[in-house]
>>> print(open('run_2.cif').read())   # mmCIF, C-alpha atoms
data_target
loop_
_atom_site.label_atom_id
_atom_site.label_comp_id
_atom_site.auth_asym_id
_atom_site.auth_seq_id
_atom_site.Cartn_x
_atom_site.Cartn_y
_atom_site.Cartn_z
CA MET U 1182 0.00 0.00 0.00
CA ILE U 1183 2.86 2.39 0.80
CA ASN U 1184 5.92 2.91 -1.33
CA TRP U 1185 8.44 3.43 1.44
CA THR U 1186 10.97 4.98 -0.94
CA GLN U 1187 8.61 7.99 -1.00
CA ILE U 1188 8.51 8.32 2.79
CA GLU U 1189 11.01 10.44 4.70
CA THR U 1190 9.11 11.21 7.90
CA VAL U 1191 6.55 9.23 9.89
CA LEU U 1192 4.31 11.20 12.25
CA LEU U 1193 2.61 9.07 14.88
CA ASP U 1194 -0.28 9.79 17.20
CA MET U 1195 -0.21 8.25 20.67
CA ASP U 1196 -3.66 7.50 22.16
CA GLY U 1197 -5.69 5.17 19.97
CA THR U 1198 -2.81 4.74 17.53
CA LEU U 1199 0.23 3.42 19.36
CA LEU U 1200 -1.59 2.98 22.67
CA ASP U 1201 -4.88 1.22 23.35
CA LEU U 1202 -7.61 3.86 23.65
CA HIS U 1203 -9.38 1.74 26.27
CA PHE U 1204 -7.39 3.46 29.02
CA ASP U 1205 -8.60 6.92 28.01
CA ASP U 1206 -12.16 5.74 27.34
CA HIS U 1207 -12.33 4.22 30.82
CA PHE U 1208 -10.72 7.27 32.39
CA TRP U 1209 -13.13 9.84 30.93
CA GLN U 1210 -16.27 7.69 30.79
CA VAL U 1211 -15.97 5.86 34.11
CA GLN U 1212 -13.23 7.08 36.44
CA VAL U 1213 -13.70 10.85 36.14
CA PRO U 1214 -17.54 10.74 36.21
CA THR U 1215 -17.44 8.40 39.19
CA ARG U 1216 -15.19 10.73 41.19
CA PHE U 1217 -17.14 13.79 40.05
CA GLY U 1218 -20.37 12.07 41.05
CA GLU U 1219 -19.03 11.20 44.48
CA ARG U 1220 -18.36 14.89 45.14
CA ALA U 1221 -21.71 15.99 43.72
CA GLY U 1222 -23.82 13.20 45.21
CA LEU U 1223 -24.61 11.71 41.79
CA GLY U 1224 -24.61 8.18 40.44
CA LEU U 1225 -22.54 7.34 37.38
CA SER U 1226 -25.32 7.81 34.83
CA ASP U 1227 -26.36 11.19 36.27
CA ALA U 1228 -22.74 12.32 36.49
CA LEU U 1229 -22.20 11.37 32.84
CA ALA U 1230 -25.31 13.33 31.86
CA ALA U 1231 -24.11 16.37 33.80
CA LEU U 1232 -20.63 16.24 32.29
CA ALA U 1233 -21.68 15.55 28.68
CA PRO U 1234 -22.42 19.18 27.69
CA VAL U 1235 -19.35 20.41 29.57
CA PHE U 1236 -17.13 18.02 27.63
CA LYS U 1237 -18.90 18.72 24.34
CA ALA U 1238 -18.27 22.45 24.66
CA ARG U 1239 -14.50 21.88 24.70
CA GLU U 1240 -14.26 19.11 22.13
CA GLY U 1241 -11.61 19.78 19.48
CA THR U 1242 -9.95 22.55 21.50
CA LEU U 1243 -6.69 22.48 23.44
CA ASP U 1244 -8.68 22.66 26.69
CA TRP U 1245 -10.21 19.28 25.87
CA TYR U 1246 -6.76 17.72 26.23
CA CYS U 1247 -5.54 19.87 29.14
CA LEU U 1248 -5.34 18.15 32.52
CA ASP U 1249 -4.88 21.50 34.28
CA PHE U 1250 -8.07 22.88 32.70
CA TRP U 1251 -10.16 19.90 33.76
CA SER U 1252 -8.68 19.89 37.25
CA ARG U 1253 -9.88 23.48 37.67
CA GLU U 1254 -13.20 22.91 35.90
CA LEU U 1255 -14.18 19.74 37.78
CA GLY U 1256 -12.45 20.30 41.10
CA LEU U 1257 -10.48 17.06 40.73
CA ASP U 1258 -6.77 16.28 40.52
CA ILE U 1259 -6.91 14.80 37.04
CA ALA U 1260 -3.20 13.97 36.85
CA ALA U 1261 -3.40 12.07 40.14
CA LEU U 1262 -6.45 10.16 38.93
CA LYS U 1263 -4.56 9.09 35.81
CA ARG U 1264 -1.76 7.70 37.96
CA GLU U 1265 -4.29 5.66 39.94
CA THR U 1266 -5.14 3.58 36.87
CA ALA U 1267 -1.81 3.81 35.04
CA HIS U 1268 -1.63 0.00 35.08
CA MET U 1269 -4.30 0.06 32.34
CA ILE U 1270 -2.02 1.89 29.89
CA ALA U 1271 -1.16 -0.57 27.12
CA VAL U 1272 0.71 -0.53 23.82
CA ARG U 1273 -1.38 -1.71 20.87
CA HIS U 1274 -0.44 -5.05 19.37
CA GLY U 1275 2.44 -4.71 16.91
CA ALA U 1276 3.13 -1.03 17.64
CA THR U 1277 6.56 -1.51 19.19
CA GLU U 1278 7.70 -3.81 16.39
CA PHE U 1279 6.42 -1.33 13.81
CA LEU U 1280 8.40 1.52 15.37
CA GLN U 1281 11.52 -0.60 15.52
CA THR U 1282 11.15 -1.63 11.87
CA VAL U 1283 10.53 1.90 10.61
CA ARG U 1284 13.66 3.00 12.44
CA LEU U 1285 15.61 0.23 10.69
CA LEU U 1286 14.25 1.51 7.38
CA GLY U 1287 15.97 4.82 8.16
CA LYS U 1288 12.84 6.93 8.41
CA ARG U 1289 12.47 9.82 10.84
CA GLN U 1290 9.83 9.12 13.48
CA ILE U 1291 8.07 11.86 15.43
CA LEU U 1292 5.44 11.31 18.09
CA VAL U 1293 2.86 14.05 17.63
CA THR U 1294 0.18 14.06 20.30
CA ASN U 1295 -2.56 16.23 21.77
CA ALA U 1296 -1.84 14.71 25.17
CA HIS U 1297 -1.02 17.07 28.02
CA PRO U 1298 2.67 16.91 29.03
CA ALA U 1299 1.81 15.21 32.34
CA ALA U 1300 -0.20 12.49 30.58
CA LEU U 1301 2.49 12.14 27.93
CA ALA U 1302 5.22 11.69 30.55
CA LEU U 1303 3.17 9.08 32.43
CA LYS U 1304 2.52 7.06 29.27
CA MET U 1305 6.13 7.18 28.12
CA GLU U 1306 7.19 6.07 31.59
CA ARG U 1307 4.77 3.13 31.54
CA THR U 1308 5.48 2.00 27.95
CA GLY U 1309 9.18 2.76 27.45
CA LEU U 1310 8.51 3.89 23.86
CA ALA U 1311 10.28 7.27 24.07
CA PRO U 1312 13.72 6.07 22.81
CA LEU U 1313 12.13 4.90 19.55
CA PHE U 1314 11.28 8.45 18.45
CA ASP U 1315 13.54 11.06 16.93
CA ALA U 1316 11.36 13.74 18.53
CA ILE U 1317 8.24 14.02 20.71
CA VAL U 1318 5.91 16.99 20.30
CA SER U 1319 2.83 17.81 22.38
CA SER U 1320 0.32 20.21 20.88
CA HIS U 1321 0.37 22.07 24.20
CA ALA U 1322 3.90 23.22 23.41
CA LEU U 1323 2.64 24.74 20.14
CA GLY U 1324 -0.50 26.30 21.61
CA MET U 1325 -3.05 24.62 19.33
CA PRO U 1326 -4.55 21.15 18.83
CA LYS U 1327 -3.84 18.90 15.86
CA GLU U 1328 -7.38 19.53 14.63
CA ASP U 1329 -6.23 23.03 13.62
CA VAL U 1330 -4.45 23.23 10.25
CA ALA U 1331 -2.16 25.85 11.79
CA PHE U 1332 -0.79 23.13 14.08
CA TRP U 1333 0.97 21.46 11.16
CA GLN U 1334 2.44 24.76 10.07
CA ALA U 1335 3.81 25.29 13.58
CA LEU U 1336 5.08 21.72 13.75
CA GLN U 1337 6.93 22.10 10.47
CA LYS U 1338 8.81 25.08 11.89
CA VAL U 1339 10.09 23.22 14.95
CA GLN U 1340 10.48 19.78 13.31
CA PRO U 1341 10.98 20.40 9.57
CA PHE U 1342 9.39 17.83 7.28
CA ASN U 1343 8.41 17.61 3.63
CA SER U 1344 4.63 17.09 3.65
CA ALA U 1345 4.77 15.38 0.24
CA HIS U 1346 6.99 12.67 1.75
CA THR U 1347 5.30 12.35 5.15
CA LEU U 1348 3.09 9.58 6.51
CA LEU U 1349 0.72 10.27 9.41
CA LEU U 1350 -0.90 7.58 11.54
CA ASP U 1351 -3.78 8.89 13.68
CA ASP U 1352 -7.10 7.51 14.90
CA SER U 1353 -8.86 10.90 14.85
CA LEU U 1354 -10.70 11.78 11.64
CA PRO U 1355 -10.74 15.54 12.38
CA VAL U 1356 -6.96 15.41 12.86
CA LEU U 1357 -6.48 13.47 9.63
CA ARG U 1358 -8.64 16.00 7.79
CA SER U 1359 -6.58 18.92 9.06
CA ALA U 1360 -3.34 17.14 8.11
CA ARG U 1361 -4.68 16.39 4.64
CA ALA U 1362 -5.76 20.01 4.22
CA PHE U 1363 -2.24 21.07 5.15
CA GLY U 1364 -0.84 18.78 2.47
CA ILE U 1365 0.43 15.69 4.27
CA ALA U 1366 0.46 13.13 1.48
CA PHE U 1367 -0.13 9.89 3.39
CA PRO U 1368 -2.76 10.26 6.15
CA ILE U 1369 -3.81 6.85 7.49
CA SER U 1370 -6.41 6.04 10.13
CA ILE U 1371 -6.69 3.27 12.70
CA ALA U 1372 -9.61 0.87 12.36
CA GLN U 1373 -9.77 -0.22 16.02
CA PRO U 1374 -8.34 2.39 18.43
CA SER U 1375 -9.72 0.56 21.49
CA SER U 1376 -9.33 -3.17 22.04
CA LYS U 1377 -12.69 -3.17 23.84
CA LYS U 1378 -14.67 -1.76 20.91
CA PRO U 1379 -15.30 -3.16 17.42
CA ALA U 1380 -13.35 -1.93 14.41
CA ARG U 1381 -14.83 1.12 12.70
CA MET U 1382 -15.94 1.33 9.09
CA ILE U 1383 -13.95 4.23 7.61
CA ASP U 1384 -14.30 5.24 3.96
CA GLU U 1385 -12.64 8.65 4.05
CA PHE U 1386 -9.12 7.36 4.77
CA HIS U 1387 -7.37 4.04 4.57
CA ALA U 1388 -7.92 2.39 7.94
CA LEU U 1389 -5.11 0.25 9.29
CA ASN U 1390 -6.09 -3.10 10.80
CA ALA U 1391 -2.57 -4.25 11.69
CA PHE U 1392 0.72 -2.38 11.74
CA SER U 1393 2.27 -5.14 9.66
CA ASP U 1394 -0.07 -4.16 6.80
CA LEU U 1395 2.06 -1.05 6.27
CA LEU U 1396 5.45 -2.71 6.22
CA PRO U 1397 7.29 -3.65 3.00
CA ALA U 1398 6.95 -7.29 1.97
CA HIS U 1399 10.72 -7.86 2.03
CA VAL U 1400 10.87 -6.69 5.64
CA LEU U 1401 8.08 -9.03 6.68
CA SER U 1402 9.76 -11.92 4.83
CA ALA U 1403 13.04 -11.23 6.60
CA GLY U 1404 11.25 -11.15 9.95
CA ALA U 1405 9.55 -14.47 9.24
CA ALA U 1406 12.90 -16.03 8.26
CA ASP U 1407 14.44 -14.87 11.54
#
>>> encode(input="run_2.cif", output="structure tokens")
Amino acid sequence: MINWTQIETVLLDMDGTLLDLHFDDHFWQVQVPTRFGERAGLGLSDALAALAPVFKAREGTLDWYCLDFWSRELGLDIAALKRETAHMIAVRHGATEFLQTVRLLGKRQILVTNAHPAALALKMERTGLAPLFDAIVSSHALGMPKEDVAFWQALQKVQPFNSAHTLLLDDSLPVLRSARAFGIAFPISIAQPSSKKPARMIDEFHALNAFSDLLPAHVLSAGAAD
């Protein structure tokens, strides 16, 4: 599917792409509402209903990804809550091997995430993936989320890349749309961001089922021989 001779840079999302989105789904749909409900005297379903419009109002903005913002907004220590269930953080099947192989192919790898720096640090600590990247960039350092086309312009200034020779892996369709609008030539989605939910039907972008699907046949053959 991909002619790797055309690829110079690989941009990789974290949550739902390299890491199982189940951790974040559980955190925001169960853990946070439960703790919020305990403080407000609400059961889980009522807490979810109360939080839904609050969350919706910030969707797609940098605040949506900001642990400091939600700590202030909800009166909870969001970073501390994440540490409580850090054991649920998991690398998606085949992600580590994919990163290692792309590095062997000589491509530049950059982790590009909307995650808040505290969440990013926790996940890198738990997974040990950090050494596999040539650079790690949080959208918080650039002041705008990946959903904004201007993000890619800002990223290109701090981590220069040729968009015509860049591959992006991301589970978010709004992010992929903004990257495509910017001119990134190879935007690819993830069919099943969470191991606890069924694969999605995606027509707008190629949706990756397994990381091995992206790797050159000669690399896979060599791996099988080993």
>>> residues_around(input="run_2.cif", residues="Val1293 in chain U", least_positions_apart="4", cutoff="8 Å", atoms="only C-alpha atoms", output="list in words")
Leu1192, Leu1193, Asp1194, Met1195, Ile1317, Val1318, Ser1319 and Ser1320 of chain U
>>> closest_residue(input="run_2.cif", among="U:Ile1369, U:Leu1303, U:Leu1350, U:Ala1380", to="Ala1271 in chain U", atoms="only C-alpha atoms")
U:Leu1303
>>> resolve_selection(input="run_2.cif", expression="the PyMOL selection byres ((chain U and resi 1261-1269) around 10)", output="MDAnalysis selection string")
chainID U and resid 1201 1203:1205 1207:1209 1212:1213 1216 1248 1252 1257:1260 1270:1272 1299:1300 1303:1304 1306:1307
>>> atom_distance(input="run_2.cif", atom1="CA of Thr1198 in chain U", atom2="CA of Phe1250 in chain U")
24.2 Å
>>> atom_distance(input="run_2.cif", atom1="CA of Gly1241 in chain U", atom2="CA of Thr1308 in chain U")
26.1 Å
>>> atom_distance(input="run_2.cif", atom1="CA of Ala1276 in chain U", atom2="CA of Phe1367 in chain U")
18.2 Å
>>> resolve_selection(input="run_2.cif", expression="the PyMOL selection byres ((chain U and resi 1354-1365) around 6)", output="MDAnalysis selection string")
chainID U and resid 1327:1328 1330 1344:1345 1347 1353 1366:1367
>>> resolve_selection(input="run_2.cif", expression="the PyMOL selection byres ((chain U and resi 1389) around 10)", output="list in words")
Thr1198, Leu1350, Asp1351, Asp1352, Ile1369, Ser1370, Ile1371, Ala1372, Gln1373, Pro1374, Ala1380, Ile1383, Phe1386, His1387, Ala1388, Asn1390, Ala1391, Phe1392, Ser1393, Asp1394 and Leu1395 of chain U
>>> closest_residue(input="run_2.cif", among="U:Ser1376, U:Thr1215, U:Thr1294, U:Asn1343", to="Ala1231 in chain U", atoms="only C-alpha atoms")
U:Thr1215
>>> closest_residue(input="run_2.cif", among="U:Ser1226, U:Phe1236, U:Asp1196, U:Ile1183", to="Leu1292 in chain U", atoms="all atoms listed in the file")
U:Asp1196
>>> closest_residue(input="run_2.cif", among="U:Arg1239, U:Thr1190, U:Asp1244, U:Leu1229", to="Phe1342 in chain U", atoms="all atoms listed in the file")
U:Thr1190
>>> residues_around(input="run_2.cif", residues="Gln1187 in chain U", least_positions_apart="2", cutoff="6 Å", atoms="only C-alpha atoms", output="list in words")
Asn1184, Trp1185 and His1346 of chain U
>>> write_last_selection(input="run_2.cif", atoms="C-alpha atoms", output="compact mmCIF listing (two decimals), keeping the file's coordinate frame")
# COMPACT_ATOMS: atom_id res chain seq x y z
CA ASN U 1184 5.92 2.91 -1.33
CA TRP U 1185 8.44 3.43 1.44
CA HIS U 1346 6.99 12.67 1.75
>>> closest_residue(input="run_2.cif", among="U:Leu1313, U:Arg1253, U:Ile1291, U:Leu1348", to="Glu1278 in chain U", atoms="all atoms listed in the file")
U:Leu1313
>>> closest_residue(input="run_2.cif", among="U:Ala1238, U:Leu1286, U:Val1211, U:Leu1202", to="Ile1188 in chain U", atoms="all atoms listed in the file")
U:Leu1286
>>> build_atoms(input="run_2.cif", residues="range 1283-1305 of chain U", atoms="N, CA and C atoms", output="CSV table (one decimal), in the frame of the given file")
chain,number,residue,atom,x,y,z
U,1283,VAL,N,10.4,0.6,11.3
U,1283,VAL,CA,10.5,1.9,10.6
U,1283,VAL,C,11.9,2.6,10.9
U,1284,ARG,N,12.3,2.4,12.1
U,1284,ARG,CA,13.7,3.0,12.4
U,1284,ARG,C,14.7,2.3,11.6
U,1285,LEU,N,14.6,1.0,11.5
U,1285,LEU,CA,15.6,0.2,10.7
U,1285,LEU,C,15.6,0.6,9.2
U,1286,LEU,N,14.4,1.1,8.8
U,1286,LEU,CA,14.2,1.5,7.4
U,1286,LEU,C,14.9,2.9,7.2
U,1287,GLY,N,15.3,3.5,8.3
U,1287,GLY,CA,16.0,4.8,8.2
U,1287,GLY,C,15.0,6.0,8.1
U,1288,LYS,N,13.8,5.8,8.5
U,1288,LYS,CA,12.8,6.9,8.4
U,1288,LYS,C,12.8,7.7,9.7
U,1289,ARG,N,12.6,9.0,9.6
U,1289,ARG,CA,12.5,9.8,10.8
U,1289,ARG,C,11.1,9.6,11.5
U,1290,GLN,N,11.1,9.4,12.8
U,1290,GLN,CA,9.8,9.1,13.5
U,1290,GLN,C,9.6,10.2,14.5
U,1291,ILE,N,8.4,10.8,14.5
U,1291,ILE,CA,8.1,11.9,15.4
U,1291,ILE,C,6.7,11.5,16.1
U,1292,LEU,N,6.7,11.5,17.4
U,1292,LEU,CA,5.4,11.3,18.1
U,1292,LEU,C,4.8,12.7,18.2
U,1293,VAL,N,3.6,12.8,17.7
U,1293,VAL,CA,2.9,14.0,17.6
U,1293,VAL,C,1.5,13.8,18.3
U,1294,THR,N,1.3,14.4,19.5
U,1294,THR,CA,0.2,14.1,20.3
U,1294,THR,C,-0.5,15.3,20.9
U,1295,ASN,N,-1.8,15.2,21.1
U,1295,ASN,CA,-2.6,16.2,21.8
U,1295,ASN,C,-2.5,16.1,23.3
U,1296,ALA,N,-1.9,15.0,23.7
U,1296,ALA,CA,-1.8,14.7,25.2
U,1296,ALA,C,-1.1,15.8,25.9
U,1297,HIS,N,-1.7,16.1,27.1
U,1297,HIS,CA,-1.0,17.1,28.0
U,1297,HIS,C,0.3,16.5,28.4
U,1298,PRO,N,1.3,17.4,28.7
U,1298,PRO,CA,2.7,16.9,29.0
U,1298,PRO,C,2.7,15.9,30.2
U,1299,ALA,N,1.8,16.1,31.2
U,1299,ALA,CA,1.8,15.2,32.3
U,1299,ALA,C,1.3,13.8,31.9
U,1300,ALA,N,0.3,13.8,31.1
U,1300,ALA,CA,-0.2,12.5,30.6
U,1300,ALA,C,0.8,11.8,29.7
U,1301,LEU,N,1.5,12.6,28.8
U,1301,LEU,CA,2.5,12.1,27.9
U,1301,LEU,C,3.6,11.5,28.7
U,1302,ALA,N,4.1,12.2,29.7
U,1302,ALA,CA,5.2,11.7,30.6
U,1302,ALA,C,4.8,10.4,31.2
U,1303,LEU,N,3.6,10.3,31.8
U,1303,LEU,CA,3.2,9.1,32.4
U,1303,LEU,C,3.1,7.9,31.4
U,1304,LYS,N,2.7,8.1,30.2
U,1304,LYS,CA,2.5,7.1,29.3
U,1304,LYS,C,3.9,6.6,28.7
U,1305,MET,N,4.8,7.6,28.6
U,1305,MET,CA,6.1,7.2,28.1
U,1305,MET,C,6.8,6.4,29.2
